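> Just protein_12.pdb, nothing more (PDB, C-alpha atoms):
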ATOM      1  CA  MET A   1       5.408  22.727 102.463
ATOM      2  CA  ALA A   2       4.523  19.180 103.513
ATOM      3  CA  ALA A   3       4.533  18.006  99.887
ATOM      4  CA  LEU A   4       8.019  19.457  99.416
ATOM      5  CA  ASP A   5       9.255  17.582 102.476
ATOM      6  CA  GLN A   6       7.711  14.343 101.235
ATOM      7  CA  ILE A   7       9.324  14.710  97.819
ATOM      8  CA  SER A   8      12.639  15.456  99.515
ATOM      9  CA  TRP A   9      12.498  12.309 101.645
ATOM     10  CA  VAL A  10      11.648  10.217  98.579
ATOM     11  CA  VAL A  11      14.666  11.776  96.856
ATOM     12  CA  VAL A  12      16.862  10.874  99.846
ATOM     13  CA  GLY A  13      15.690   7.259  99.822
ATOM     14  CA  TYR A  14      16.068   6.883  96.081
ATOM     15  CA  ALA A  15      19.515   8.502  96.092
ATOM     16  CA  VAL A  16      20.701   6.121  98.816
ATOM     17  CA  LEU A  17      19.314   3.215  96.786
ATOM     18  CA  ILE A  18      21.290   4.367  93.738
ATOM     19  CA  ALA A  19      24.454   4.674  95.819
ATOM     20  CA  LEU A  20      23.975   1.146  97.191
ATOM     21  CA  VAL A  21      23.311  -0.272  93.713
ATOM     22  CA  ALA A  22      26.418   1.485  92.396
ATOM     23  CA  ALA A  23      28.511   0.007  95.217
ATOM     24  CA  TYR A  24      27.087  -3.458  94.630
ATOM     25  CA  SER A  25      27.678  -3.167  90.884
ATOM     26  CA  ALA A  26      31.298  -2.183  91.480
ATOM     27  CA  TYR A  27      31.741  -5.173  93.770
ATOM     28  CA  ARG A  28      29.850  -7.682  91.627
ATOM     29  CA  TRP A  29      30.295  -6.804  87.955
ATOM     30  CA  ARG A  30      33.044  -4.175  87.897
ATOM     31  CA  GLU A  31      31.157  -2.410  85.084
ATOM     32  CA  ARG A  32      28.327   0.083  85.078
ATOM     33  CA  PRO A  33      25.078  -1.551  83.984
ATOM     34  CA  PRO A  34      23.032   0.525  81.531
ATOM     35  CA  TRP A  35      19.989   0.499  83.775
ATOM     36  CA  LEU A  36      21.900   2.396  86.467
ATOM     37  CA  ASP A  37      22.008   5.402  84.151
ATOM     38  CA  SER A  38      18.234   5.167  83.829
ATOM     39  CA  MET A  39      17.883   5.102  87.609
ATOM     40  CA  ALA A  40      20.099   8.184  87.888
ATOM     41  CA  TRP A  41      18.018  10.050  85.299
ATOM     42  CA  MET A  42      14.861   9.138  87.220
ATOM     43  CA  LEU A  43      16.481  10.680  90.285
ATOM     44  CA  GLU A  44      17.122  13.786  88.213
ATOM     45  CA  ALA A  45      13.429  13.885  87.247
ATOM     46  CA  LEU A  46      12.519  13.752  90.947
ATOM     47  CA  LEU A  47      14.978  16.555  91.637
ATOM     48  CA  ALA A  48      13.446  18.693  88.896
ATOM     49  CA  LEU A  49       9.976  18.044  90.331
ATOM     50  CA  ARG A  50      11.213  19.038  93.765
ATOM     51  CA  ALA A  51      12.813  22.206  92.381
ATOM     52  CA  VAL A  52       9.525  23.250  90.783
ATOM     53  CA  ALA A  53       7.651  22.460  94.000
ATOM     54  CA  GLY A  54      10.273  24.349  96.012
ATOM     55  CA  LEU A  55       9.936  27.425  93.842
ATOM     56  CA  GLY A  56       6.168  27.170  94.234
ATOM     57  CA  VAL A  57       6.541  27.092  98.008
ATOM     58  CA  LEU A  58       8.784  30.156  97.897
ATOM     59  CA  LEU A  59       6.388  32.022  95.619
ATOM     60  CA  SER A  60       3.453  31.202  97.905
ATOM     61  CA  GLY A  61       5.039  33.310 100.626
ATOM     62  CA  THR A  62       6.797  30.767 102.825
ATOM     63  CA  LYS A  63      10.080  32.201 104.051
ATOM     64  CA  PRO A  64      12.910  29.739 104.759
ATOM     65  CA  ASP A  65      15.410  30.378 107.558
ATOM     66  CA  ASP A  66      18.044  31.477 105.050
ATOM     67  CA  TYR A  67      16.657  32.352 101.638
ATOM     68  CA  ALA A  68      19.961  32.231  99.722
ATOM     69  CA  THR A  69      20.959  28.869 101.179
ATOM     70  CA  HIS A  70      17.600  27.300 100.367
ATOM     71  CA  VAL A  71      17.647  28.542  96.769
ATOM     72  CA  GLY A  72      21.274  27.379  96.470
ATOM     73  CA  TYR A  73      20.273  23.906  97.617
ATOM     74  CA  LEU A  74      17.424  23.840  95.090
ATOM     75  CA  LEU A  75      19.695  24.829  92.211
ATOM     76  CA  SER A  76      22.699  22.708  93.153
ATOM     77  CA  SER A  77      20.670  19.546  93.661
ATOM     78  CA  VAL A  78      19.378  19.788  90.092
ATOM     79  CA  CYS A  79      22.899  20.262  88.688
ATOM     80  CA  VAL A  80      24.872  17.510  90.462
ATOM     81  CA  MET A  81      23.528  14.363  88.807
ATOM     82  CA  PRO A  82      23.656  15.516  85.149
ATOM     83  CA  LEU A  83      27.235  16.701  85.665
ATOM     84  CA  ALA A  84      28.202  13.337  87.133
ATOM     85  CA  LEU A  85      26.497  11.380  84.359
ATOM     86  CA  ARG A  86      28.052  13.547  81.674
ATOM     87  CA  SER A  87      31.532  13.174  83.148
ATOM     88  CA  VAL A  88      31.341   9.352  82.951
ATOM     89  CA  GLN A  89      29.327   9.101  79.759
ATOM     90  CA  ASP A  90      31.857   6.970  77.856
ATOM     91  CA  ASP A  91      33.366   5.157  80.847
ATOM     92  CA  THR A  92      31.684   2.002  82.149
ATOM     93  CA  GLY A  93      34.392   0.948  84.595
ATOM     94  CA  PRO A  94      34.250   0.827  88.380
ATOM     95  CA  TRP A  95      35.378   4.447  88.722
ATOM     96  CA  SER A  96      32.272   5.583  86.897
ATOM     97  CA  LEU A  97      30.205   3.714  89.462
ATOM     98  CA  GLY A  98      32.044   5.596  92.173
ATOM     99  CA  VAL A  99      31.258   8.928  90.550
ATOM    100  CA  ILE A 100      27.558   8.084  90.316
ATOM    101  CA  GLY A 101      27.503   6.774  93.891
ATOM    102  CA  VAL A 102      29.188   9.876  95.292
ATOM    103  CA  ALA A 103      26.873  12.145  93.302
ATOM    104  CA  ALA A 104      23.853  10.265  94.654
ATOM    105  CA  ILE A 105      25.111  10.622  98.244
ATOM    106  CA  ALA A 106      25.756  14.333  97.616
ATOM    107  CA  VAL A 107      22.187  14.764  96.366
ATOM    108  CA  ALA A 108      20.888  12.935  99.440
ATOM    109  CA  ALA A 109      22.909  15.212 101.744
ATOM    110  CA  ILE A 110      21.718  18.331  99.918
ATOM    111  CA  SER A 111      18.132  17.090 100.220
ATOM    112  CA  VAL A 112      18.406  16.539 103.962
ATOM    113  CA  ARG A 113      19.949  19.984 104.396
ATOM    114  CA  MET A 114      17.209  21.527 102.295
ATOM    115  CA  VAL A 115      14.519  20.029 104.529
ATOM    116  CA  MET A 116      16.315  21.475 107.531
ATOM    117  CA  THR A 117      16.441  25.007 106.121
ATOM    118  CA  LEU A 118      12.749  25.308 105.328
TER     119      LEU A 118
END
Starting from the file, lay out its structure as structure tokens.

Amino acid sequence: MAALDQISWVVVGYAVLIALVAAYSAYRWRERPPWLDSMAWMLEALLALRAVAGLGVLLSGTKPDDYATHVGYLLSSVCVMPLALRSVQDDTGPWSLGVIGVAAIAVAAISVRMVMTL
């Protein structure tokens, strides 16, 4: 369970970093830099790792406070970032930066809530 919490806090920090970079990019360049997509996909890799670790914790016998909520957080956190990236795939304007920033903040909030439910 401690490893799952550590992964979750790394996810929170990295998601906040992505949101700050997206805000700075919107202010500075007004276009989405290509490396921001790479950062978002790295966040997705961390989320997938955390989902696998979370399922391992559940299968080991640890019971969260609310089982359905915890599993919902695991599944939704993995789905948010690819949906956001797919929705702005061809758009490189400032609105696409906003979508990525909001998705990163949503993932951070889901991660904090997930730590609280376990």
> For this file, the PyMOL selection byres ((chain A and resi 43-58) around 7) selects which residues, as an MDAnalysis selection string?
chainID A and resid 1 4 7:8 11 14:15 39:42 59:63 74 77:78 81
> Between CA of Ile18 (chain A) and CA of Ser38 (chain A), what is the distance, to one decimal in Å?
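Separation of CA of Ile18 (chain A) and CA of Ser38 (chain A): 10.4 Å.
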> Which residue out of A:Val10, A:Leu17, A:Ala2, A:Val99 has the minimum interatomic distance to Ser111 (chain A) when only C-alpha atoms are used?
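Of all the options, A:Val10 lies closest to Ser111 (chain A).
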> Residues within 8 Å of Ala108 (chain A), please, as a VMD selection string. Count only C-alpha atoms; anything in the same chain fewer than 2 positions from it doesn't count.
chain A and resid 11 to 13 15 to 16 104 to 106 110 to 112
> Between A:Ala3, A:Met116, A:Val102, A:Leu97, which residue has the minimum interatomic distance to Asp65 (chain A), considering all atoms listed in the file?
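Among A:Ala3, A:Met116, A:Val102, A:Leu97, it is A:Met116 that comes nearest to Asp65 (chain A).
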> Just give me the gap between CA of Leu118 (chain A) and CA of Leu20 (chain A) in Å, one decimal is fine.
27.9 Å
> Ranking A:Ala109, A:Ser76, A:Arg32, A:Tyr27 by minimum distance to Asp91 (chain A) and counting all atoms listed in the file, which one comes first?
A:Arg32
> Please complete region 90-101 of chain A so it has all heavy atoms, and hand it over as a short mmCIF file (atom, residue, chain, number, x, y, z; two decimals), in the frame of the given file.

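Dumped to selection18.cif:
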data_model
loop_
_atom_site.label_atom_id
_atom_site.label_comp_id
_atom_site.auth_asym_id
_atom_site.auth_seq_id
_atom_site.Cartn_x
_atom_site.Cartn_y
_atom_site.Cartn_z
N ASP A 90 31.22 8.00 78.67
CA ASP A 90 31.86 6.97 77.86
C ASP A 90 32.61 5.94 78.67
O ASP A 90 33.18 5.00 78.11
CB ASP A 90 32.82 7.62 76.86
CG ASP A 90 32.08 8.51 75.88
OD1 ASP A 90 30.92 8.21 75.58
OD2 ASP A 90 32.67 9.51 75.43
N ASP A 91 32.64 6.08 79.98
CA ASP A 91 33.37 5.16 80.85
C ASP A 91 32.37 4.24 81.55
O ASP A 91 31.42 4.71 82.16
CB ASP A 91 34.16 5.95 81.88
CG ASP A 91 35.00 5.06 82.77
OD1 ASP A 91 35.26 3.91 82.40
OD2 ASP A 91 35.40 5.55 83.85
N THR A 92 32.58 2.94 81.47
CA THR A 92 31.68 2.00 82.15
C THR A 92 32.41 1.22 83.23
O THR A 92 31.89 0.24 83.75
CB THR A 92 31.07 1.00 81.15
OG1 THR A 92 32.12 0.27 80.52
CG2 THR A 92 30.21 1.71 80.13
N GLY A 93 33.59 1.65 83.60
CA GLY A 93 34.39 0.95 84.60
C GLY A 93 33.93 1.23 86.02
O GLY A 93 32.96 1.96 86.27
N PRO A 94 34.64 0.65 86.98
CA PRO A 94 34.25 0.83 88.38
C PRO A 94 34.37 2.27 88.88
O PRO A 94 33.64 2.66 89.78
CB PRO A 94 35.18 -0.10 89.15
CG PRO A 94 36.25 -0.51 88.21
CD PRO A 94 35.76 -0.28 86.83
N TRP A 95 35.27 3.06 88.29
CA TRP A 95 35.38 4.45 88.72
C TRP A 95 34.13 5.23 88.37
O TRP A 95 33.74 6.15 89.09
CB TRP A 95 36.61 5.11 88.12
CG TRP A 95 37.87 4.60 88.73
CD1 TRP A 95 38.78 3.77 88.14
CD2 TRP A 95 38.34 4.84 90.06
NE1 TRP A 95 39.80 3.49 89.02
CE2 TRP A 95 39.55 4.13 90.21
CE3 TRP A 95 37.87 5.57 91.12
CZ2 TRP A 95 40.29 4.15 91.38
CZ3 TRP A 95 38.59 5.59 92.29
CH2 TRP A 95 39.78 4.89 92.40
N SER A 96 33.51 4.89 87.26
CA SER A 96 32.27 5.58 86.90
C SER A 96 31.16 5.27 87.89
O SER A 96 30.33 6.12 88.19
CB SER A 96 31.84 5.21 85.48
OG SER A 96 31.42 3.86 85.40
N LEU A 97 31.17 4.06 88.43
CA LEU A 97 30.20 3.71 89.46
C LEU A 97 30.45 4.53 90.73
O LEU A 97 29.51 4.95 91.40
CB LEU A 97 30.29 2.22 89.78
CG LEU A 97 29.79 1.31 88.66
CD1 LEU A 97 30.26 -0.11 88.89
CD2 LEU A 97 28.29 1.38 88.57
N GLY A 98 31.71 4.77 91.02
CA GLY A 98 32.04 5.60 92.17
C GLY A 98 31.57 7.03 92.01
O GLY A 98 31.07 7.64 92.95
N VAL A 99 31.71 7.56 90.81
CA VAL A 99 31.26 8.93 90.55
C VAL A 99 29.75 9.03 90.72
O VAL A 99 29.24 9.96 91.36
CB VAL A 99 31.69 9.38 89.13
CG1 VAL A 99 31.01 10.68 88.73
CG2 VAL A 99 33.19 9.51 89.05
N ILE A 100 29.02 8.06 90.19
CA ILE A 100 27.56 8.08 90.32
C ILE A 100 27.14 7.89 91.77
O ILE A 100 26.23 8.56 92.26
CB ILE A 100 26.92 7.03 89.39
CG1 ILE A 100 27.11 7.46 87.94
CG2 ILE A 100 25.45 6.84 89.70
CD1 ILE A 100 26.65 6.45 86.93
N GLY A 101 27.82 7.00 92.48
CA GLY A 101 27.50 6.77 93.89
C GLY A 101 27.75 8.01 94.74
O GLY A 101 26.93 8.37 95.59
#
